[in-house]
file work-v9.txt (compact mmCIF, C-alpha atoms)
# COMPACT_ATOMS: atom_id res chain seq x y z
CA MET A 15 82.15 -18.55 -47.16
CA THR A 16 79.25 -20.27 -48.81
CA GLN A 17 75.89 -19.42 -47.27
CA ILE A 18 73.59 -22.43 -46.85
CA THR A 19 69.85 -21.81 -46.84
CA THR A 20 67.22 -24.28 -45.74
CA GLN A 21 63.61 -24.31 -46.71
CA GLY A 22 60.89 -26.10 -44.74
CA ARG A 23 57.52 -27.36 -45.85
CA THR A 24 54.64 -25.11 -46.68
CA LEU A 25 51.42 -25.56 -44.72
CA THR A 26 49.81 -27.15 -47.75
CA GLN A 27 52.56 -29.76 -47.89
CA SER A 28 52.29 -30.45 -44.14
CA LEU A 29 48.54 -30.90 -44.35
CA ALA A 30 48.88 -33.25 -47.32
CA ILE A 31 51.38 -35.42 -45.42
CA GLN A 32 49.29 -35.50 -42.24
CA SER A 33 46.13 -36.38 -44.13
CA GLN A 34 47.84 -39.38 -45.70
CA ILE A 35 49.17 -40.51 -42.33
CA ASN A 36 46.03 -39.96 -40.24
CA LEU A 37 43.17 -40.72 -42.64
CA PRO A 38 43.22 -44.54 -42.24
CA GLY A 39 43.32 -44.27 -38.45
CA THR A 40 40.47 -41.71 -38.31
CA VAL A 41 38.31 -43.83 -40.61
CA GLY A 42 38.99 -46.90 -38.49
CA ARG A 43 38.08 -45.15 -35.24
CA ILE A 44 34.81 -43.76 -36.59
CA LEU A 45 33.82 -47.12 -38.05
CA LYS A 46 34.51 -48.73 -34.67
CA GLN A 47 32.28 -46.12 -32.99
CA ILE A 48 29.51 -46.81 -35.51
CA ARG A 49 29.71 -50.53 -34.71
CA GLU A 50 29.46 -49.74 -30.98
CA ILE A 51 26.38 -47.57 -31.61
CA GLU A 52 24.77 -50.35 -33.66
CA ARG A 53 25.43 -52.76 -30.79
CA VAL A 54 24.21 -50.60 -27.90
CA ALA A 55 21.41 -48.53 -29.52
CA PRO A 56 18.89 -51.43 -29.73
CA LEU A 57 19.30 -51.95 -25.98
CA PHE A 58 18.03 -48.42 -25.33
CA SER A 59 14.92 -49.08 -27.43
CA GLN A 60 14.28 -52.46 -25.87
CA ALA A 61 14.55 -50.98 -22.37
CA GLY A 62 12.16 -48.15 -23.24
CA LEU A 63 14.78 -45.43 -22.84
CA VAL A 64 14.16 -44.51 -26.51
CA ARG A 65 10.66 -44.69 -27.95
CA SER A 66 8.93 -43.78 -31.20
CA VAL A 67 6.22 -41.12 -31.30
CA ASP A 68 3.19 -41.23 -33.59
CA ARG A 69 2.86 -38.48 -36.17
CA PRO A 70 -0.23 -36.28 -35.68
CA ASN A 71 -2.33 -36.46 -38.83
CA PRO A 72 -3.96 -34.11 -39.39
CA LEU A 73 -2.18 -31.52 -37.26
CA ASN A 74 -4.46 -29.07 -35.46
CA VAL A 75 -2.71 -26.75 -33.04
CA ARG A 76 -2.43 -23.10 -32.09
CA VAL A 77 1.15 -22.30 -31.16
CA ALA A 78 3.35 -19.33 -30.31
CA GLY A 79 7.10 -19.39 -30.89
CA ILE A 80 9.34 -17.01 -28.93
CA SER A 81 12.85 -16.29 -30.18
CA THR A 82 15.45 -14.31 -28.24
CA LYS A 83 18.55 -12.63 -29.63
CA ALA A 84 21.20 -10.19 -28.44
CA ALA A 85 23.69 -8.18 -30.50
CA ILE A 86 26.72 -6.29 -29.23
CA THR A 87 29.08 -3.80 -30.83
CA LYS A 88 32.09 -1.75 -29.78
CA THR A 89 31.74 1.98 -29.46
CA ILE A 90 33.88 4.75 -27.89
CA GLY A 91 36.07 2.32 -25.96
CA GLY A 92 33.10 0.35 -24.64
CA PHE A 93 30.14 -1.70 -25.81
CA LEU A 94 26.52 -1.25 -26.77
CA TYR A 95 23.98 -4.05 -26.82
CA ALA A 96 20.54 -4.64 -28.24
CA ALA A 97 18.40 -7.48 -26.90
CA ALA A 98 15.09 -8.47 -28.44
CA ALA A 99 12.43 -11.15 -28.10
CA VAL A 100 9.90 -11.81 -30.85
CA ARG A 101 6.76 -13.93 -30.63
CA MET A 102 5.05 -15.35 -33.71
CA ASP A 103 1.60 -16.94 -33.43
CA LEU A 104 0.54 -19.69 -35.84
CA ALA A 105 -2.70 -21.58 -36.28
CA VAL A 106 -2.58 -25.01 -37.92
CA GLU A 107 -5.91 -26.45 -39.04
CA ASP A 108 -5.87 -29.79 -40.87
CA ASN A 109 -2.18 -29.22 -41.72
CA VAL A 110 -2.89 -25.75 -43.20
CA ILE A 111 -0.64 -23.15 -41.54
CA SER A 112 -1.46 -19.47 -41.10
CA THR A 113 0.04 -16.65 -39.06
CA VAL A 114 -2.44 -15.10 -36.62
CA GLY A 115 -0.39 -12.55 -34.70
CA GLN A 116 2.94 -11.39 -33.38
CA ASP A 117 4.51 -9.36 -30.59
CA SER A 118 7.98 -8.13 -29.63
CA THR A 119 10.03 -6.34 -27.02
CA CYS A 120 13.57 -4.92 -27.07
CA GLU A 121 16.05 -2.85 -25.12
CA LEU A 122 19.18 -0.86 -25.99
CA ASP A 123 21.91 0.23 -23.59
CA ASP A 124 25.63 0.34 -22.97
CA ILE A 125 27.24 -2.60 -21.17
CA ASN A 126 30.55 -3.06 -19.37
CA TYR A 127 32.91 -6.01 -19.49
CA GLU A 128 31.50 -8.08 -16.62
CA ASN A 129 29.93 -11.37 -17.75
CA GLN A 130 28.56 -9.95 -20.98
CA SER A 131 27.37 -13.24 -22.48
CA LYS A 132 25.66 -14.48 -19.31
CA ARG A 133 24.06 -11.12 -18.67
CA LEU A 134 22.62 -11.06 -22.18
CA GLN A 135 21.33 -14.63 -21.71
CA LEU A 136 19.54 -13.52 -18.55
CA ILE A 137 17.99 -10.57 -20.37
CA GLY A 138 16.83 -12.98 -23.09
CA VAL A 139 15.16 -15.30 -20.57
CA ARG A 140 13.36 -12.37 -18.93
CA GLN A 141 12.16 -11.05 -22.28
CA ALA A 142 10.96 -14.51 -23.35
CA TYR A 143 8.84 -14.79 -20.23
CA GLU A 144 7.51 -11.28 -20.82
CA MET A 145 6.35 -12.40 -24.27
CA ALA A 146 4.77 -15.55 -22.80
CA GLU A 147 3.07 -13.42 -20.13
CA ARG A 148 1.54 -11.14 -22.74
CA ALA A 149 0.37 -14.13 -24.76
CA ILE A 150 -1.43 -15.66 -21.78
CA GLN A 151 -2.95 -12.31 -20.81
CA SER A 152 -4.25 -11.79 -24.35
CA GLN A 153 -6.96 -14.42 -23.69
CA ASN A 154 -6.21 -16.00 -27.07
CA PRO A 155 -6.21 -19.81 -26.99
CA TYR A 156 -2.78 -21.45 -27.22
CA ASP A 157 -2.01 -25.15 -27.18
CA LEU A 158 1.74 -24.56 -27.08
CA ILE A 159 4.07 -21.68 -26.29
CA LEU A 160 7.63 -22.52 -27.36
CA LEU A 161 10.61 -20.67 -25.87
CA ASP A 162 14.06 -20.94 -27.44
CA CYS A 163 15.70 -20.60 -24.01
CA PRO A 164 15.82 -22.64 -20.78
CA LEU A 165 12.73 -22.50 -18.58
CA MET A 166 14.90 -22.41 -15.45
CA LEU A 167 18.27 -20.86 -14.60
CA ASP A 168 21.28 -23.01 -13.91
CA ARG A 169 23.23 -22.16 -10.77
CA SER A 170 26.17 -21.20 -12.96
CA MET A 171 24.19 -18.07 -13.80
CA VAL A 172 24.14 -16.85 -10.19
CA PRO A 173 26.34 -13.74 -9.67
CA LEU A 174 29.52 -14.69 -7.81
CA ARG A 175 30.23 -11.21 -6.49
CA GLU A 176 28.27 -8.39 -4.92
CA ALA A 177 30.76 -5.71 -5.98
CA GLU A 178 29.48 -2.49 -7.54
CA ASN A 179 30.87 -3.38 -10.94
CA TYR A 180 28.61 -6.49 -10.90
CA ALA A 181 25.46 -4.46 -10.24
CA GLY A 182 24.29 -4.76 -13.84
CA TYR A 183 24.69 -8.53 -13.84
CA ARG A 184 22.95 -8.86 -10.47
CA SER A 185 20.06 -6.74 -11.75
CA ALA A 186 19.72 -8.94 -14.87
CA PHE A 187 19.74 -12.11 -12.74
CA ASP A 188 17.16 -10.78 -10.29
CA GLY A 189 14.98 -9.61 -13.19
CA ALA A 190 15.02 -13.05 -14.84
CA VAL A 191 14.29 -14.89 -11.57
CA SER A 192 11.43 -12.51 -10.78
CA ALA A 193 9.90 -12.91 -14.26
CA ILE A 194 10.02 -16.73 -14.08
CA SER A 195 8.61 -16.91 -10.56
CA LYS A 196 5.83 -14.41 -11.27
CA PHE A 197 4.77 -16.18 -14.46
CA TRP A 198 4.34 -19.60 -12.90
CA SER A 199 2.71 -18.37 -9.70
CA THR A 200 0.24 -16.17 -11.58
CA HIS A 201 -0.77 -18.43 -14.47
CA ARG A 202 -0.28 -21.99 -13.23
CA ASP A 203 -4.02 -22.74 -13.23
CA LYS A 204 -4.10 -21.93 -16.97
CA LEU A 205 -1.12 -24.14 -17.85
CA GLN A 206 -0.46 -27.81 -18.39
CA PRO A 207 -0.09 -30.18 -16.65
CA TRP A 208 -2.27 -28.71 -13.88
CA ASN A 209 -4.93 -27.71 -16.38
CA PRO A 210 -5.27 -30.55 -18.96
CA GLN A 211 -6.99 -28.17 -21.42
CA GLY A 212 -4.48 -25.41 -20.76
CA THR A 213 -1.37 -24.20 -22.56
CA ALA A 214 1.88 -26.16 -22.49
CA ILE A 215 4.99 -24.02 -21.95
CA VAL A 216 7.95 -25.68 -23.63
CA GLY A 217 11.64 -24.77 -23.46
CA LEU A 218 13.84 -25.75 -26.44
CA ALA A 219 17.32 -24.60 -25.60
CA SER A 220 19.92 -26.58 -23.66
CA GLU A 221 21.50 -29.63 -25.26
CA ARG A 222 22.73 -31.64 -22.24
CA TYR A 223 23.30 -34.62 -24.53
CA GLY A 224 24.76 -36.76 -21.75
CA ALA A 225 21.68 -36.72 -19.50
CA ILE A 226 19.96 -39.86 -20.77
CA VAL A 227 23.30 -41.62 -21.13
CA HIS A 228 24.19 -41.00 -17.49
CA ILE A 229 20.78 -42.22 -16.36
CA ALA A 230 21.14 -45.40 -18.41
CA GLN A 231 24.41 -46.19 -16.66
CA GLN A 232 22.64 -46.45 -13.30
CA ASP A 233 20.87 -49.48 -11.90
CA LEU A 234 17.23 -48.66 -12.65
CA ARG A 235 16.13 -51.53 -10.41
CA THR A 236 16.98 -49.43 -7.36
CA VAL A 237 14.96 -46.53 -5.93
CA ALA A 238 17.90 -44.16 -6.38
CA GLY A 239 18.31 -45.19 -10.00
CA ARG A 240 14.60 -44.90 -10.85
CA LYS A 241 13.93 -41.53 -9.22
CA GLN A 242 15.23 -39.68 -12.27
CA ILE A 243 12.87 -41.43 -14.73
CA LEU A 244 9.10 -41.00 -14.73
CA SER A 245 7.35 -44.23 -13.75
CA SER A 246 4.74 -43.68 -16.49
CA GLU A 247 7.50 -44.18 -19.08
CA ASN A 248 7.35 -47.91 -18.26
CA ILE A 249 11.09 -48.59 -18.40
CA ASP A 250 12.03 -52.28 -18.59
CA THR A 251 14.47 -52.42 -15.69
CA GLU A 252 15.63 -55.93 -16.55
CA ARG A 253 16.49 -54.93 -20.11
CA SER A 254 18.26 -51.84 -18.81
CA ARG A 255 20.69 -54.11 -16.95
CA GLU A 256 22.21 -55.02 -20.31
CA ILE A 257 23.21 -51.37 -20.85
CA ILE A 258 25.19 -51.24 -17.60
CA GLY A 259 28.81 -51.91 -18.43
CA SER A 260 28.70 -50.15 -21.80
CA GLU A 261 30.05 -46.93 -20.28
CA ASP A 262 33.50 -47.27 -21.82
CA ALA A 263 32.00 -47.81 -25.26
CA ILE A 264 29.71 -44.80 -24.90
CA LEU A 265 32.51 -42.59 -23.64
CA GLY A 266 34.65 -43.68 -26.57
CA ILE A 267 31.89 -42.71 -28.99
CA GLY A 268 31.17 -39.37 -27.33
CA GLU A 269 27.82 -38.31 -25.89
CA ARG A 270 26.81 -36.10 -28.81
CA ARG A 271 27.54 -38.71 -31.47
CA PHE A 272 25.87 -41.37 -29.37
CA ILE A 273 22.61 -39.41 -29.04
CA TYR A 274 22.69 -38.88 -32.81
CA GLY A 275 23.03 -42.64 -33.19
CA ILE A 276 20.27 -43.86 -30.88
CA LEU A 277 17.61 -41.37 -32.05
CA SER A 278 15.97 -41.68 -35.45
CA SER A 279 13.11 -39.78 -37.08
CA TYR A 280 10.12 -39.19 -34.78
CA THR A 281 11.68 -40.68 -31.67
CA ARG A 282 12.36 -39.36 -28.19
CA THR A 283 14.15 -40.51 -25.09
CA ALA A 284 12.38 -41.31 -21.84
CA ALA A 285 11.52 -38.21 -19.81
CA PHE A 286 13.83 -37.55 -16.88
CA ARG A 287 13.79 -35.15 -13.95
CA LEU A 288 16.29 -32.36 -14.53
CA ASN A 289 15.87 -31.05 -10.98
CA VAL A 290 17.10 -34.42 -9.63
CA GLN A 291 20.20 -34.35 -11.79
CA THR A 292 20.80 -30.64 -11.25
CA PRO A 293 18.95 -29.69 -8.06
CA ARG A 294 20.59 -26.27 -7.76
CA MET A 295 18.40 -24.45 -10.26
CA GLU A 296 16.61 -21.12 -9.86
CA PRO A 297 14.04 -19.93 -8.92
CA SER A 298 13.63 -22.54 -6.20
CA ASP A 299 9.84 -22.07 -5.83
CA VAL A 300 9.31 -23.08 -9.47
CA VAL A 301 11.94 -25.84 -9.40
CA SER A 302 10.04 -27.43 -6.52
CA LEU A 303 7.16 -28.03 -8.95
CA GLY A 304 9.44 -30.32 -10.99
CA VAL A 305 11.51 -29.84 -14.14
CA LEU A 306 11.34 -32.53 -16.83
CA GLY A 307 13.33 -33.01 -19.99
CA TYR A 308 13.72 -35.41 -22.88
CA HIS A 309 15.66 -35.44 -26.13
CA TYR A 310 13.79 -35.70 -29.41
CA LYS A 311 14.61 -35.88 -33.09
CA ALA A 312 12.05 -34.73 -35.65
CA ALA A 313 13.75 -35.98 -38.82
CA GLN A 314 16.84 -37.95 -39.71
CA THR A 315 18.67 -34.81 -40.85
CA ASN A 316 17.75 -32.79 -37.73
CA THR A 317 19.89 -32.20 -34.68
CA PRO A 318 18.52 -33.81 -31.49
CA GLN A 319 17.11 -31.20 -29.12
CA LEU A 320 16.21 -31.12 -25.46
CA LEU A 321 12.61 -30.32 -24.63
CA GLN A 322 11.93 -28.93 -21.14
CA LEU A 323 8.67 -28.84 -19.18
CA ILE A 324 7.66 -27.70 -15.70
CA GLY A 325 5.76 -30.17 -13.49
CA ASP A 326 5.99 -33.78 -12.43
CA GLU A 327 3.98 -36.94 -11.98
CA PRO A 328 1.14 -37.66 -11.64
CA HIS A 329 0.23 -34.55 -13.65
CA TRP A 330 2.54 -35.43 -16.54
CA ASN A 331 2.27 -38.90 -18.06
CA GLN A 332 3.51 -40.72 -21.14
CA LYS A 333 0.42 -39.88 -23.22
CA THR A 334 0.63 -36.12 -22.71
CA LEU A 335 4.41 -36.10 -23.15
CA ASP A 336 4.04 -37.97 -26.45
CA LYS A 337 1.35 -35.55 -27.64
CA ILE A 338 3.46 -32.45 -26.97
CA CYS A 339 6.54 -34.04 -28.52
CA SER A 340 4.62 -35.09 -31.66
CA GLN A 341 3.24 -31.56 -32.12
CA VAL A 342 6.68 -29.98 -31.70
CA MET A 343 8.23 -32.44 -34.15
CA ALA A 344 5.44 -31.88 -36.69
CA LEU A 345 6.18 -28.15 -36.56
CA THR A 346 9.88 -28.80 -37.21
CA ILE A 347 9.50 -29.24 -40.94
CA THR A 348 12.30 -27.16 -42.48
CA GLY A 349 15.80 -26.01 -41.65
CA GLY A 350 18.00 -29.08 -42.03
CA SER A 351 20.41 -29.95 -39.23
CA GLN A 352 19.74 -26.71 -37.35
CA ALA A 353 15.97 -26.96 -37.66
CA SER A 354 13.71 -25.47 -35.01
CA PRO A 355 9.91 -25.38 -34.87
CA LEU A 356 8.39 -23.17 -37.57
CA PRO A 357 7.05 -20.38 -35.30
CA ILE A 358 10.51 -19.95 -33.76
CA GLN A 359 12.07 -19.88 -37.24
CA LEU A 360 9.68 -17.12 -38.28
CA ALA A 361 10.42 -15.18 -35.11
CA GLU A 362 14.17 -15.52 -35.76
CA ARG A 363 13.68 -14.09 -39.24
CA GLU A 364 12.17 -10.94 -37.70
CA GLN A 365 15.38 -10.48 -35.70
CA GLN A 366 17.76 -10.49 -38.65
CA ALA A 367 17.84 -6.69 -38.72
CA LEU A 368 19.03 -6.42 -35.12
CA ASP A 369 22.77 -6.35 -35.91
CA SER A 370 22.40 -3.72 -38.62
CA PHE A 371 20.16 -1.59 -36.43
CA LEU A 372 22.68 -1.70 -33.57
CA LYS A 373 25.48 -0.54 -35.89
CA TYR A 374 23.29 2.34 -37.06
CA TYR A 375 22.41 3.21 -33.47
CA SER A 376 26.09 3.14 -32.51
CA SER A 377 26.98 5.42 -35.43
CA SER A 378 24.23 7.87 -34.44
CA LEU A 379 25.45 7.81 -30.84
CA GLU A 380 29.01 8.61 -31.85
CA THR A 381 27.81 11.46 -34.06
CA GLU A 382 25.76 12.99 -31.24
CA ILE A 383 28.66 12.76 -28.81
CA ARG A 384 31.05 14.40 -31.28
CA CYS A 385 28.60 17.25 -31.82
CA ARG A 386 28.16 17.55 -28.04
CA GLU A 387 24.62 18.71 -28.68
CA VAL A 388 23.30 16.54 -25.87
CA GLU A 389 25.70 18.13 -23.38
CA ASP A 390 24.74 21.62 -24.60
CA LEU A 391 21.09 20.86 -23.92
CA TRP A 392 21.89 19.73 -20.38
CA LEU A 393 23.84 22.91 -19.69
CA SER A 394 21.50 25.36 -21.42
CA ASP A 395 19.45 26.15 -18.28
CA LEU A 396 22.35 26.04 -15.82
CA ASP A 397 22.39 29.85 -15.36
CA ASP A 398 18.74 29.81 -14.25
CA LEU A 399 19.50 27.65 -11.20

call {"tool": "encode", "arguments": {"input": "work-v9.txt", "output": "structure tokens"}}
result
Amino acid sequence: MTQITTQGRTLTQSLAIQSQINLPGTVGRILKQIREIERVAPLFSQAGLVRSVDRPNPLNVRVAGISTKAAITKTIGGFLYAAAAVRMDLAVEDNVISTVGQDSTCELDDINYENQSKRLQLIGVRQAYEMAERAIQSQNPYDLILLDCPLMLDRSMVPLREAENYAGYRSAFDGAVSAISKFWSTHRDKLQPWNPQGTAIVGLASERYGAIVHIAQQDLRTVAGRKQILSSENIDTERSREIIGSEDAILGIGERRFIYGILSSYTRTAAFRLNVQTPRMEPSDVVSLGVLGYHYKAAQTNTPQLLQLIGDEPHWNQKTLDKICSQVMALTITGGSQASPLPIQLAEREQQALDSFLKYYSSSLETEIRCREVEDLWLSDLDDL
């Protein structure tokens, strides 16, 4: 009997075939999306939903950037984590930048399997507020304190269970909520917008690209439609009518690509109330003060980011929002598509050793456990009891 063998395509051959088949269609779809952006984007500018921001020249600002990071590694059938927050202080005088101080905090511990990523996020938020607290208490003047994490907690962070194995997560949540609430209740009279000469606390974390798109799809002529946008932003409600009906085009483009398309260098979206869109945020006593957000883009090569602020009208207005945005954008001078303000970049650089340190700590822990020296010390005085 003759044995017949068959041989299929290699992956390289399959990819080559698929690229020839799909390339024209992919190019056509993206070009169609670009045409839709070019058609709809001017409507956002004309309606005031996207506005340009003047460059500060010269730049004079004292700013602190707070970066948070967590590392995790496996050890002895479980996990260890290290969480750290670093604050870098910069002074900019007539565009000349100098570092004027720094601070940090960290913690090491073992962690179980329950909600590791969320628990570490909560620890990061708490540590960021601890760094902001120490900055305010230092009595040094700050125009801006930038946090690379949300200023408020989304309800998705609330522990779903009260079981004993969720005790660590519950403790991390309660610690973050307590730190946020204490900070704003203690220092509000020193902070913008309540104190016009005070420090502005700015969160630069969540993307939420679809926020301004969803607002634009509503009828801004109605009270319900306008309540999400600050009145001081002077939105042209009649022009905004022309945007209504473009939902299918925007959905076809995708929210992320659309935001990239409507924002250019030194532009921002209109400020909107995050606590109206997402009312179930924590802690409730701070959320009741108001939570604002707007997207901005510092340079053409940068990724749009969401800037968050606490407070509401009449304390916040277009002039102060533009000033803060222009200062943040002026500080975002390097880093390409993943650029962040310079003090946060410098703080992140300080955290590069965290992963290596955790591996060393894990190795030392395993060595100590193998030697059982720690257990011997515990038991050494047992006979005296």

call {"tool": "residues_around", "arguments": {"input": "work-v9.txt", "residues": "stretch 65-69 of chain A", "least_positions_apart": "2", "cutoff": "9 Å", "atoms": "all atoms listed in the file", "output": "number ranges by chain"}}
result
A: 58-60, 62-63, 71-73, 277-284, 336-337, 339-341, 343-344

call {"tool": "atom_distance", "arguments": {"input": "work-v9.txt", "atom1": "atom CA of A:Ser170", "atom2": "atom CA of A:Phe187"}}
result
11.1 Å

call {"tool": "residues_near_point", "arguments": {"input": "work-v9.txt", "point": "(4.2, -15.7, -13.9)", "cutoff": "12 Å", "atoms": "all atoms listed in the file", "output": "NGL selection string"}}
result
:A and (140 or 142-151 or 165 or 190-205 or 215 or 297 or 299-300)

call {"tool": "closest_residue", "arguments": {"input": "work-v9.txt", "among": "A:Glu382, A:Glu52, A:Asp157, A:Glu364", "to": "A:Pro210", "atoms": "all atoms listed in the file"}}
result
A:Asp157

call {"tool": "closest_residue", "arguments": {"input": "work-v9.txt", "among": "A:Leu360, A:Cys163, A:Ala96, A:Leu104", "to": "A:Lys373", "atoms": "all atoms listed in the file"}}
result
A:Ala96

call {"tool": "residues_around", "arguments": {"input": "work-v9.txt", "residues": "A:Gln322", "least_positions_apart": "5", "cutoff": "6 Å", "atoms": "all atoms listed in the file", "output": "PyMOL selection string"}}
result
chain A and resi 216-217+306-307

call {"tool": "atom_distance", "arguments": {"input": "work-v9.txt", "atom1": "atom CA of A:Val342", "atom2": "atom CA of A:Arg169"}}
result
27.8 Å

call {"tool": "closest_atom_pairs", "arguments": {"input": "work-v9.txt", "of": "stretch 268-386 of chain A", "to": "stretch 118-128 of chain A", "cutoff": "10 Å", "atoms": "all atoms listed in the file", "output": "tab-separated table"}}
result
residue	atom	partner	partner_atom	distance
A:Ala361	CA	A:Ser118	CA	9.3
A:Glu364	CA	A:Ser118	CA	9.5
A:Gln365	CA	A:Ser118	CA	9.9
A:Leu368	CA	A:Cys120	CA	9.8
A:Leu372	CA	A:Leu122	CA	8.4
A:Tyr375	CA	A:Leu122	CA	9.1
A:Ser376	CA	A:Asp124	CA	10.0

call {"tool": "closest_residue", "arguments": {"input": "work-v9.txt", "among": "A:Asn289, A:Ser112, A:Ser254, A:Ser302", "to": "A:Val75", "atoms": "only C-alpha atoms"}}
result
A:Ser112

call {"tool": "atom_distance", "arguments": {"input": "work-v9.txt", "atom1": "atom CA of A:Val54", "atom2": "atom CA of A:His309"}}
result
17.5 Å

call {"tool": "closest_atom_pairs", "arguments": {"input": "work-v9.txt", "of": "stretch 329-379 of chain A", "to": "stretch 79-95 of chain A", "cutoff": "6 Å", "atoms": "all atoms listed in the file", "output": "tab-separated table"}}
result
residue	atom	partner	partner_atom	distance
A:Pro357	CA	A:Gly79	CA	4.5
A:Ile358	CA	A:Gly79	CA	4.5
A:Ala361	CA	A:Ser81	CA	5.6
A:Glu362	CA	A:Ser81	CA	5.8
A:Asp369	CA	A:Ala85	CA	5.8
